[in-house]
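Colleague: Below is input-v9.cif; it holds mmCIF, C-alpha atoms.
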data_entry
loop_
_atom_site.label_atom_id
_atom_site.label_comp_id
_atom_site.auth_asym_id
_atom_site.auth_seq_id
_atom_site.Cartn_x
_atom_site.Cartn_y
_atom_site.Cartn_z
CA MET A 1 23.09 12.89 16.25
CA GLY A 2 19.93 10.86 16.90
CA LYS A 3 19.73 7.15 16.29
CA ARG A 4 18.64 6.32 12.75
CA ALA A 5 15.31 4.51 12.48
CA ARG A 6 15.58 0.95 11.22
CA VAL A 7 14.41 0.38 7.66
CA ARG A 8 12.92 -3.02 6.84
CA ILE A 9 12.04 -4.68 3.54
CA ILE A 10 9.13 -7.13 3.74
CA ASP A 11 8.66 -9.50 0.84
CA LEU A 12 5.04 -9.67 -0.34
CA THR A 13 5.66 -12.17 -3.15
CA ARG A 14 4.74 -15.83 -3.43
CA LYS A 15 7.65 -18.09 -4.31
CA ILE A 16 7.29 -19.49 -7.83
CA THR A 17 7.54 -23.26 -8.17
CA HIS A 18 6.18 -25.79 -10.62
CA GLU A 19 4.20 -27.45 -7.80
CA MET A 20 2.37 -24.34 -6.60
CA LEU A 21 -1.33 -24.15 -7.37
CA ASN A 22 -2.71 -21.74 -9.92
CA PHE A 23 -6.12 -20.35 -10.75
CA PRO A 24 -8.29 -23.28 -11.93
CA GLY A 25 -7.97 -23.84 -15.67
CA GLU A 26 -4.64 -22.07 -16.08
CA PRO A 27 -1.34 -23.93 -16.60
CA ARG A 28 1.37 -24.17 -13.99
CA PRO A 29 4.80 -22.70 -14.67
CA GLY A 30 7.49 -24.82 -16.24
CA PHE A 31 11.27 -24.56 -16.01
CA ILE A 32 13.16 -26.05 -18.95
CA HIS A 33 16.87 -26.78 -18.56
CA PHE A 34 18.86 -25.11 -21.33
CA GLY A 35 22.43 -25.59 -20.12
CA GLY A 36 24.71 -26.01 -17.12
CA LEU A 37 28.26 -25.47 -15.96
CA GLY A 38 29.35 -28.86 -17.26
CA ASP A 39 28.18 -28.45 -20.86
CA ILE A 40 27.95 -24.78 -21.88
CA GLY A 41 29.92 -23.25 -19.01
CA PHE A 42 27.05 -21.41 -17.32
CA ARG A 43 23.58 -22.13 -15.97
CA CYS A 44 20.55 -21.09 -18.02
CA ASN A 45 16.88 -22.14 -18.01
CA GLN A 46 13.79 -21.27 -19.99
CA ILE A 47 10.64 -20.25 -18.09
CA LEU A 48 7.09 -20.97 -19.26
CA MET A 49 4.29 -19.47 -17.18
CA PRO A 50 0.92 -17.70 -17.44
CA THR A 51 0.78 -13.91 -17.33
CA HIS A 52 -1.53 -14.12 -14.29
CA PHE A 53 0.27 -16.36 -11.88
CA GLY A 54 1.17 -16.16 -8.20
CA THR A 55 1.83 -12.55 -7.22
CA HIS A 56 1.04 -10.58 -10.36
CA THR A 57 -0.57 -7.48 -11.78
CA ASP A 58 -3.25 -7.10 -14.43
CA ALA A 59 -2.96 -4.77 -17.40
CA TYR A 60 -6.12 -2.93 -18.39
CA SER A 61 -6.21 -5.06 -21.56
CA HIS A 62 -6.90 -8.09 -19.35
CA PHE A 63 -10.61 -7.22 -19.57
CA LEU A 64 -11.01 -4.01 -21.60
CA PRO A 65 -11.00 -4.24 -25.43
CA ASP A 66 -9.35 -0.81 -25.62
CA GLY A 67 -7.26 -1.22 -22.45
CA LEU A 68 -3.53 -0.58 -22.16
CA PRO A 69 -1.28 -3.65 -22.49
CA MET A 70 1.34 -4.41 -19.88
CA ASP A 71 4.23 -2.58 -21.53
CA ARG A 72 2.20 0.66 -21.62
CA MET A 73 0.99 0.62 -18.01
CA PRO A 74 2.57 3.58 -16.15
CA PRO A 75 5.38 2.29 -13.88
CA ALA A 76 4.56 5.01 -11.34
CA GLN A 77 1.38 3.13 -10.43
CA TYR A 78 3.50 0.37 -8.92
CA VAL A 79 6.06 2.38 -6.94
CA GLY A 80 5.47 4.78 -4.08
CA PRO A 81 3.65 5.32 -0.77
CA ALA A 82 0.87 2.81 -0.11
CA VAL A 83 -1.72 2.78 2.66
CA VAL A 84 -2.25 -0.54 4.46
CA LEU A 85 -5.93 -1.29 5.10
CA ASP A 86 -6.52 -4.09 7.60
CA VAL A 87 -10.08 -5.34 7.05
CA ARG A 88 -9.68 -8.74 8.72
CA LYS A 89 -12.36 -7.90 11.31
CA ARG A 90 -14.98 -6.76 8.79
CA PRO A 91 -18.60 -7.64 9.68
CA ASN A 92 -19.16 -9.83 6.61
CA PRO A 93 -16.17 -12.13 5.89
CA ALA A 94 -17.47 -12.86 2.38
CA ARG A 95 -17.09 -9.32 1.07
CA VAL A 96 -15.12 -6.09 1.38
CA THR A 97 -17.36 -3.04 1.38
CA ARG A 98 -16.86 0.69 1.09
CA ARG A 99 -17.48 1.01 4.84
CA ASP A 100 -14.78 -1.58 5.53
CA LEU A 101 -12.26 0.48 3.56
CA GLU A 102 -13.38 3.78 5.08
CA THR A 103 -13.10 2.39 8.61
CA ALA A 104 -9.59 1.05 7.99
CA TRP A 105 -8.27 4.15 6.19
CA PRO A 106 -5.75 6.01 8.43
CA ALA A 107 -6.66 9.63 9.08
CA GLY A 108 -4.70 12.06 6.94
CA SER A 109 -3.32 9.53 4.46
CA ARG A 110 -3.25 10.69 0.84
CA ALA A 111 -1.52 7.62 -0.55
CA ARG A 112 -2.66 6.64 -4.05
CA ARG A 113 -1.75 2.98 -3.67
CA VAL A 114 -3.78 0.68 -1.43
CA LEU A 115 -2.87 -2.70 0.09
CA VAL A 116 -5.96 -4.51 1.39
CA ASN A 117 -5.34 -7.18 4.01
CA THR A 118 -8.38 -9.45 4.13
CA GLY A 119 -6.53 -12.20 6.01
CA TRP A 120 -7.23 -14.66 3.20
CA GLY A 121 -3.74 -14.82 1.74
CA ASP A 122 -2.03 -15.87 4.97
CA ARG A 123 -4.84 -17.99 6.41
CA VAL A 124 -6.06 -20.16 3.53
CA LYS A 125 -3.71 -22.67 1.90
CA GLY A 126 -3.95 -25.17 -0.94
CA PRO A 127 -6.85 -25.42 -3.42
CA ALA A 128 -9.20 -23.67 -0.97
CA TYR A 129 -7.32 -20.41 -1.68
CA PHE A 130 -9.11 -20.18 -5.04
CA LYS A 131 -12.61 -21.03 -3.72
CA ASP A 132 -15.12 -18.73 -2.03
CA PHE A 133 -12.57 -16.00 -1.31
CA PRO A 134 -13.87 -12.53 -0.31
CA GLY A 135 -14.96 -10.14 -3.05
CA ILE A 136 -14.42 -6.41 -3.47
CA GLU A 137 -17.89 -4.84 -3.69
CA ALA A 138 -18.70 -2.45 -6.54
CA GLY A 139 -19.34 0.33 -4.02
CA ALA A 140 -15.86 -0.19 -2.58
CA ALA A 141 -14.34 -0.06 -6.06
CA ARG A 142 -16.14 3.20 -6.88
CA TRP A 143 -14.98 4.68 -3.57
CA LEU A 144 -11.35 3.89 -4.46
CA ILE A 145 -11.81 5.49 -7.87
CA ARG A 146 -13.22 8.67 -6.28
CA ARG A 147 -10.17 8.81 -4.03
CA LYS A 148 -8.03 8.68 -7.19
CA VAL A 149 -6.31 5.47 -6.11
CA SER A 150 -3.89 4.33 -8.83
CA MET A 151 -3.26 0.76 -7.62
CA LEU A 152 -5.22 -1.74 -5.56
CA GLY A 153 -3.14 -4.57 -4.11
CA MET A 154 -4.77 -7.55 -2.37
CA ASP A 155 -4.02 -10.88 -0.74
CA LEU A 156 -6.72 -12.46 -2.94
CA PRO A 157 -6.41 -14.48 -6.18
CA SER A 158 -8.85 -12.09 -7.88
CA VAL A 159 -11.01 -9.07 -7.08
CA HIS A 160 -14.16 -11.18 -6.75
CA PRO A 161 -14.97 -14.92 -6.90
CA LYS A 162 -18.00 -14.45 -9.19
CA GLU A 163 -18.25 -10.84 -10.38
CA TYR A 164 -14.57 -10.56 -11.28
CA LYS A 165 -15.29 -9.29 -14.80
CA THR A 166 -17.57 -6.47 -13.59
CA ILE A 167 -15.23 -5.36 -10.79
CA HIS A 168 -12.13 -5.53 -12.99
CA GLU A 169 -13.79 -3.47 -15.69
CA LEU A 170 -15.00 -0.92 -13.16
CA LEU A 171 -11.53 -0.48 -11.65
CA PHE A 172 -9.74 -0.44 -15.00
CA ARG A 173 -12.04 2.19 -16.48
CA GLY A 174 -11.32 4.23 -13.35
CA ARG A 175 -7.56 3.89 -14.05
CA VAL A 176 -6.91 1.65 -11.05
CA ALA A 177 -4.27 -1.04 -11.59
CA VAL A 178 -4.94 -4.35 -9.84
CA THR A 179 -2.27 -6.44 -8.10
CA GLU A 180 -3.31 -9.86 -6.83
CA GLY A 181 -1.79 -12.71 -4.83
CA LEU A 182 0.15 -10.66 -2.27
CA ILE A 183 1.32 -12.32 0.96
CA ASN A 184 2.62 -11.14 4.35
CA LEU A 185 0.30 -8.13 4.53
CA SER A 186 -0.28 -8.97 8.20
CA ARG A 187 3.39 -8.18 8.84
CA LEU A 188 2.94 -4.58 7.71
CA PRO A 189 2.37 -1.78 10.22
CA HIS A 190 -0.79 0.30 10.39
CA GLY A 191 -0.48 3.39 8.23
CA GLU A 192 1.74 3.74 5.18
CA VAL A 193 4.64 1.83 3.64
CA PHE A 194 6.66 2.36 0.47
CA PHE A 195 5.51 -0.19 -2.10
CA VAL A 196 7.50 -1.57 -5.03
CA GLY A 197 5.84 -4.08 -7.35
CA LEU A 198 7.00 -3.48 -10.91
CA PRO A 199 5.77 -5.68 -13.76
CA LEU A 200 7.85 -6.75 -16.74
CA PRO A 201 7.25 -4.64 -19.88
CA LEU A 202 5.71 -7.54 -21.79
CA LYS A 203 4.78 -6.02 -25.13
CA GLY A 204 1.10 -6.30 -25.94
CA LEU A 205 0.34 -8.71 -23.10
CA ASP A 206 -2.38 -8.61 -20.45
CA GLY A 207 -0.48 -9.13 -17.19
CA SER A 208 2.84 -9.91 -15.56
CA PRO A 209 4.28 -11.63 -12.49
CA ILE A 210 5.91 -9.10 -10.16
CA ARG A 211 8.34 -9.03 -7.23
CA ALA A 212 6.41 -7.03 -4.64
CA VAL A 213 8.02 -5.63 -1.51
CA ALA A 214 7.05 -3.13 1.16
CA ILE A 215 9.70 -0.81 2.59
CA VAL A 216 8.89 0.05 6.20
CA GLY A 217 10.63 3.27 7.20
CA ASP A 218 12.23 6.00 5.16
CA PRO A 219 13.45 4.43 1.87
CA THR A 220 16.04 7.23 1.46
CA ARG A 221 17.85 5.87 4.56
CA MET A 222 18.53 2.44 3.11
#
Would you mind writing the file out in structure tokens?

Modeller:
Amino acid sequence: MGKRARVRIIDLTRKITHEMLNFPGEPRPGFIHFGGLGDIGFRCNQILMPTHFGTHTDAYSHFLPDGLPMDRMPPAQYVGPAVVLDVRKRPNPARVTRRDLETAWPAGSRARRVLVNTGWGDRVKGPAYFKDFPGIEAGAARWLIRRKVSMLGMDLPSVHPKEYKTIHELLFRGRVAVTEGLINLSRLPHGEVFFVGLPLPLKGLDGSPIRAVAIVGDPTRM
């Protein structure tokens, strides 16, 4: 019997702390002590945090008046094969174009989930992460929609630093879920991985933090 290929799980999620920076104008998370081993016999805390914080996904209702809320977003959009597009060497660092995505797309891949590695998430730290980050061009968004992509994941805090409303609306009306704030995309191999990044079913809300991981190798051999 041949040697079984090694299966790896790579965490793509930012660690959540009170000190971590958030999108300007939004509150940081808070952790409120409810009880401990010495008083109630077990540890329990209350969590207060924005729906769009750290590594998270946006419901269509985030920008669309008639968009689906988080609890009605199809879970299948967030689980399954994902193609890794490395666009770190794109000609214009300030934007991600259709040509950038086409050039990076592996031949033969039919994956409906896309992870775009711009290099921003691993390279830029601190407050600068939220300033002048690259933007997904409208042409690139339309190209993803034509390919019937169901989820776009990025190492960016948003889809665009200025035209975020237009690009979000374009993707959402094309039934593309948006996952932002991913890390460690540079650790992923060229080609496809198995992505898992499920949101919480927050009834009526517009987004949710997620625990995103990439499974490298055959997930049925874990």

Colleague: Using only C-alpha atoms, which of the listed residues (A:Pro29, A:Asp58, A:Arg112, A:Leu156) sits closest to A:Met70?

Modeller: A:Asp58

Colleague: Tell me, as an MDAnalysis selection string, which residues lie within 10 Å of A:Glu102, counting all atoms listed in the file; anything in the same chain fewer than 4 positions away does not count.

Modeller: chainID A and resid 85 87 97:98 106:107 140 143:144

Colleague: Those residues you just picked out, can you put them in a file as a tab-separated table (two decimals), keeping the file's coordinate frame with C-alpha atoms?

Modeller:
chain	number	residue	atom	x	y	z
A	85	LEU	CA	-5.93	-1.29	5.10
A	87	VAL	CA	-10.08	-5.34	7.05
A	97	THR	CA	-17.36	-3.04	1.38
A	98	ARG	CA	-16.86	0.69	1.09
A	106	PRO	CA	-5.75	6.01	8.43
A	107	ALA	CA	-6.66	9.63	9.08
A	140	ALA	CA	-15.86	-0.19	-2.58
A	143	TRP	CA	-14.98	4.68	-3.57
A	144	LEU	CA	-11.35	3.89	-4.46

Colleague: So which residues get picked by the PyMOL selection byres ((chain A and resi 203-209) around 12) here, written as a JSON list (two decimals) with C-alpha atoms, keeping the file's coordinate frame?

Modeller:
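The new file out.json reads:
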[["chain", "number", "residue", "atom", "x", "y", "z"],
["A", 13, "THR", "CA", 5.66, -12.17, -3.15],
["A", 14, "ARG", "CA", 4.74, -15.83, -3.43],
["A", 15, "LYS", "CA", 7.65, -18.09, -4.31],
["A", 16, "ILE", "CA", 7.29, -19.49, -7.83],
["A", 29, "PRO", "CA", 4.80, -22.70, -14.67],
["A", 48, "LEU", "CA", 7.09, -20.97, -19.26],
["A", 49, "MET", "CA", 4.29, -19.47, -17.18],
["A", 50, "PRO", "CA", 0.92, -17.70, -17.44],
["A", 51, "THR", "CA", 0.78, -13.91, -17.33],
["A", 52, "HIS", "CA", -1.53, -14.12, -14.29],
["A", 53, "PHE", "CA", 0.27, -16.36, -11.88],
["A", 54, "GLY", "CA", 1.17, -16.16, -8.20],
["A", 55, "THR", "CA", 1.83, -12.55, -7.22],
["A", 56, "HIS", "CA", 1.04, -10.58, -10.36],
["A", 57, "THR", "CA", -0.57, -7.48, -11.78],
["A", 58, "ASP", "CA", -3.25, -7.10, -14.43],
["A", 59, "ALA", "CA", -2.96, -4.77, -17.40],
["A", 60, "TYR", "CA", -6.12, -2.93, -18.39],
["A", 61, "SER", "CA", -6.21, -5.06, -21.56],
["A", 62, "HIS", "CA", -6.90, -8.09, -19.35],
["A", 63, "PHE", "CA", -10.61, -7.22, -19.57],
["A", 64, "LEU", "CA", -11.01, -4.01, -21.60],
["A", 65, "PRO", "CA", -11.00, -4.24, -25.43],
["A", 66, "ASP", "CA", -9.35, -0.81, -25.62],
["A", 67, "GLY", "CA", -7.26, -1.22, -22.45],
["A", 68, "LEU", "CA", -3.53, -0.58, -22.16],
["A", 69, "PRO", "CA", -1.28, -3.65, -22.49],
["A", 70, "MET", "CA", 1.34, -4.41, -19.88],
["A", 71, "ASP", "CA", 4.23, -2.58, -21.53],
["A", 72, "ARG", "CA", 2.20, 0.66, -21.62],
["A", 73, "MET", "CA", 0.99, 0.62, -18.01],
["A", 177, "ALA", "CA", -4.27, -1.04, -11.59],
["A", 178, "VAL", "CA", -4.94, -4.35, -9.84],
["A", 179, "THR", "CA", -2.27, -6.44, -8.10],
["A", 180, "GLU", "CA", -3.31, -9.86, -6.83],
["A", 181, "GLY", "CA", -1.79, -12.71, -4.83],
["A", 182, "LEU", "CA", 0.15, -10.66, -2.27],
["A", 197, "GLY", "CA", 5.84, -4.08, -7.35],
["A", 198, "LEU", "CA", 7.00, -3.48, -10.91],
["A", 199, "PRO", "CA", 5.77, -5.68, -13.76],
["A", 200, "LEU", "CA", 7.85, -6.75, -16.74],
["A", 201, "PRO", "CA", 7.25, -4.64, -19.88],
["A", 202, "LEU", "CA", 5.71, -7.54, -21.79],
["A", 210, "ILE", "CA", 5.91, -9.10, -10.16],
["A", 211, "ARG", "CA", 8.34, -9.03, -7.23],
["A", 212, "ALA", "CA", 6.41, -7.03, -4.64]]

Colleague: Could you check the closest approach to A:Arg88 for each of A:Glu19, A:Leu185, A:Gly139, A:Glu169 and tell me which residue wins, using only C-alpha atoms?

Modeller: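 With only C-alpha atoms as the atom set, the closest residue is A:Leu185.
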
Colleague: Given all atoms listed in the file as the basis, pick out the residue of A:Arg95, A:Arg142, A:Arg147, A:Arg187 nearest to A:Arg173.

Modeller: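 Among the listed residues, the smallest separation from A:Arg173 belongs to A:Arg142.
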
Colleague: Expand the PyMOL selection byres ((chain A and resi 116) around 6) into the individual residues it matches in the shown file, reporting them as a list in words.

Modeller: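 Applied to this file, the PyMOL selection byres ((chain A and resi 116) around 6) returns Leu85, Leu115, Asn117 and Met154 of chain A.
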
Colleague: Out of A:Ser150, A:Ser158, A:Asn45, A:Asn22, which residue has the shortest atom-to-atom distance to A:Val83 when counting only C-alpha atoms?

Modeller: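 Of all the options, A:Ser150 lies closest to A:Val83.
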
Colleague: One decimal, in Å: what's the spacing between atom CA of A:Gly121 and atom CA of A:Pro27?

Modeller: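 Pair atom CA of A:Gly121 / atom CA of A:Pro27 returns 20.6 Å.
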
Colleague: Give me stretch 178-189 of chain A with all heavy atoms filled in, as a CSV table (one decimal), keeping the file's coordinate frame.

Modeller:
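Here's the written file selection-v6.csv:
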chain,number,residue,atom,x,y,z
A,178,VAL,N,-4.6,-3.3,-10.8
A,178,VAL,CA,-4.9,-4.4,-9.8
A,178,VAL,C,-3.8,-5.3,-9.7
A,178,VAL,O,-3.3,-5.9,-10.7
A,178,VAL,CB,-6.2,-5.1,-10.3
A,178,VAL,CG1,-6.4,-6.3,-9.4
A,178,VAL,CG2,-7.4,-4.2,-10.3
A,179,THR,N,-3.3,-5.5,-8.4
A,179,THR,CA,-2.3,-6.4,-8.1
A,179,THR,C,-2.9,-7.5,-7.2
A,179,THR,O,-3.5,-7.2,-6.2
A,179,THR,CB,-1.1,-5.7,-7.4
A,179,THR,OG1,-0.4,-4.9,-8.4
A,179,THR,CG2,-0.1,-6.7,-6.9
A,180,GLU,N,-2.7,-8.8,-7.5
A,180,GLU,CA,-3.3,-9.9,-6.8
A,180,GLU,C,-2.3,-10.8,-6.3
A,180,GLU,O,-1.1,-10.9,-6.8
A,180,GLU,CB,-4.3,-10.6,-7.8
A,180,GLU,CG,-5.4,-9.7,-8.3
A,180,GLU,CD,-6.1,-10.2,-9.5
A,180,GLU,OE1,-5.6,-11.1,-10.2
A,180,GLU,OE2,-7.3,-9.8,-9.7
A,181,GLY,N,-2.7,-11.6,-5.3
A,181,GLY,CA,-1.8,-12.7,-4.8
A,181,GLY,C,-0.7,-12.3,-3.9
A,181,GLY,O,0.3,-13.0,-3.7
A,182,LEU,N,-0.9,-11.1,-3.2
A,182,LEU,CA,0.2,-10.7,-2.3
A,182,LEU,C,0.1,-11.5,-1.0
A,182,LEU,O,-0.9,-12.1,-0.7
A,182,LEU,CB,-0.1,-9.2,-1.9
A,182,LEU,CG,0.1,-8.2,-3.0
A,182,LEU,CD1,-0.5,-6.8,-2.5
A,182,LEU,CD2,1.5,-8.1,-3.4
A,183,ILE,N,1.2,-11.6,-0.3
A,183,ILE,CA,1.3,-12.3,1.0
A,183,ILE,C,2.0,-11.4,2.0
A,183,ILE,O,2.5,-10.3,1.7
A,183,ILE,CB,2.1,-13.6,0.8
A,183,ILE,CG1,3.6,-13.3,0.4
A,183,ILE,CG2,1.5,-14.6,-0.1
A,183,ILE,CD1,4.5,-14.6,0.5
A,184,ASN,N,1.9,-11.8,3.2
A,184,ASN,CA,2.6,-11.1,4.4
A,184,ASN,C,2.1,-9.8,4.6
A,184,ASN,O,2.8,-8.9,5.3
A,184,ASN,CB,4.1,-11.0,4.1
A,184,ASN,CG,4.8,-12.4,4.1
A,184,ASN,OD1,4.4,-13.3,4.8
A,184,ASN,ND2,5.9,-12.5,3.4
A,185,LEU,N,0.9,-9.5,4.2
A,185,LEU,CA,0.3,-8.1,4.5
A,185,LEU,C,0.1,-8.0,6.0
A,185,LEU,O,0.1,-6.8,6.5
A,185,LEU,CB,-1.0,-7.9,3.8
A,185,LEU,CG,-0.9,-7.9,2.2
A,185,LEU,CD1,-2.3,-7.6,1.6
A,185,LEU,CD2,0.1,-6.8,1.8
A,186,SER,N,-0.1,-9.1,6.7
A,186,SER,CA,-0.3,-9.0,8.2
A,186,SER,C,1.0,-8.6,8.9
A,186,SER,O,1.0,-8.2,10.1
A,186,SER,CB,-0.8,-10.3,8.7
A,186,SER,OG,-2.0,-10.7,8.2
A,187,ARG,N,2.1,-8.6,8.2
A,187,ARG,CA,3.4,-8.2,8.8
A,187,ARG,C,3.6,-6.7,8.7
A,187,ARG,O,4.6,-6.1,9.2
A,187,ARG,CB,4.6,-8.9,8.2
A,187,ARG,CG,4.5,-10.4,8.4
A,187,ARG,CD,5.7,-11.1,7.7
A,187,ARG,NE,7.0,-10.5,8.1
A,187,ARG,CZ,8.1,-10.8,7.5
A,187,ARG,NH1,8.1,-11.6,6.5
A,187,ARG,NH2,9.3,-10.2,7.9
A,188,LEU,N,2.8,-6.0,7.9
A,188,LEU,CA,2.9,-4.6,7.7
A,188,LEU,C,2.3,-3.8,8.8
A,188,LEU,O,1.3,-4.1,9.4
A,188,LEU,CB,2.3,-4.2,6.4
A,188,LEU,CG,2.8,-4.9,5.1
A,188,LEU,CD1,2.2,-4.4,3.9
A,188,LEU,CD2,4.3,-4.8,5.0
A,189,PRO,N,2.9,-2.6,9.2
A,189,PRO,CA,2.4,-1.8,10.2
A,189,PRO,C,1.1,-1.0,9.8
A,189,PRO,O,0.9,-0.9,8.6
A,189,PRO,CB,3.5,-0.8,10.5
A,189,PRO,CG,4.2,-0.7,9.2
A,189,PRO,CD,4.1,-2.1,8.6
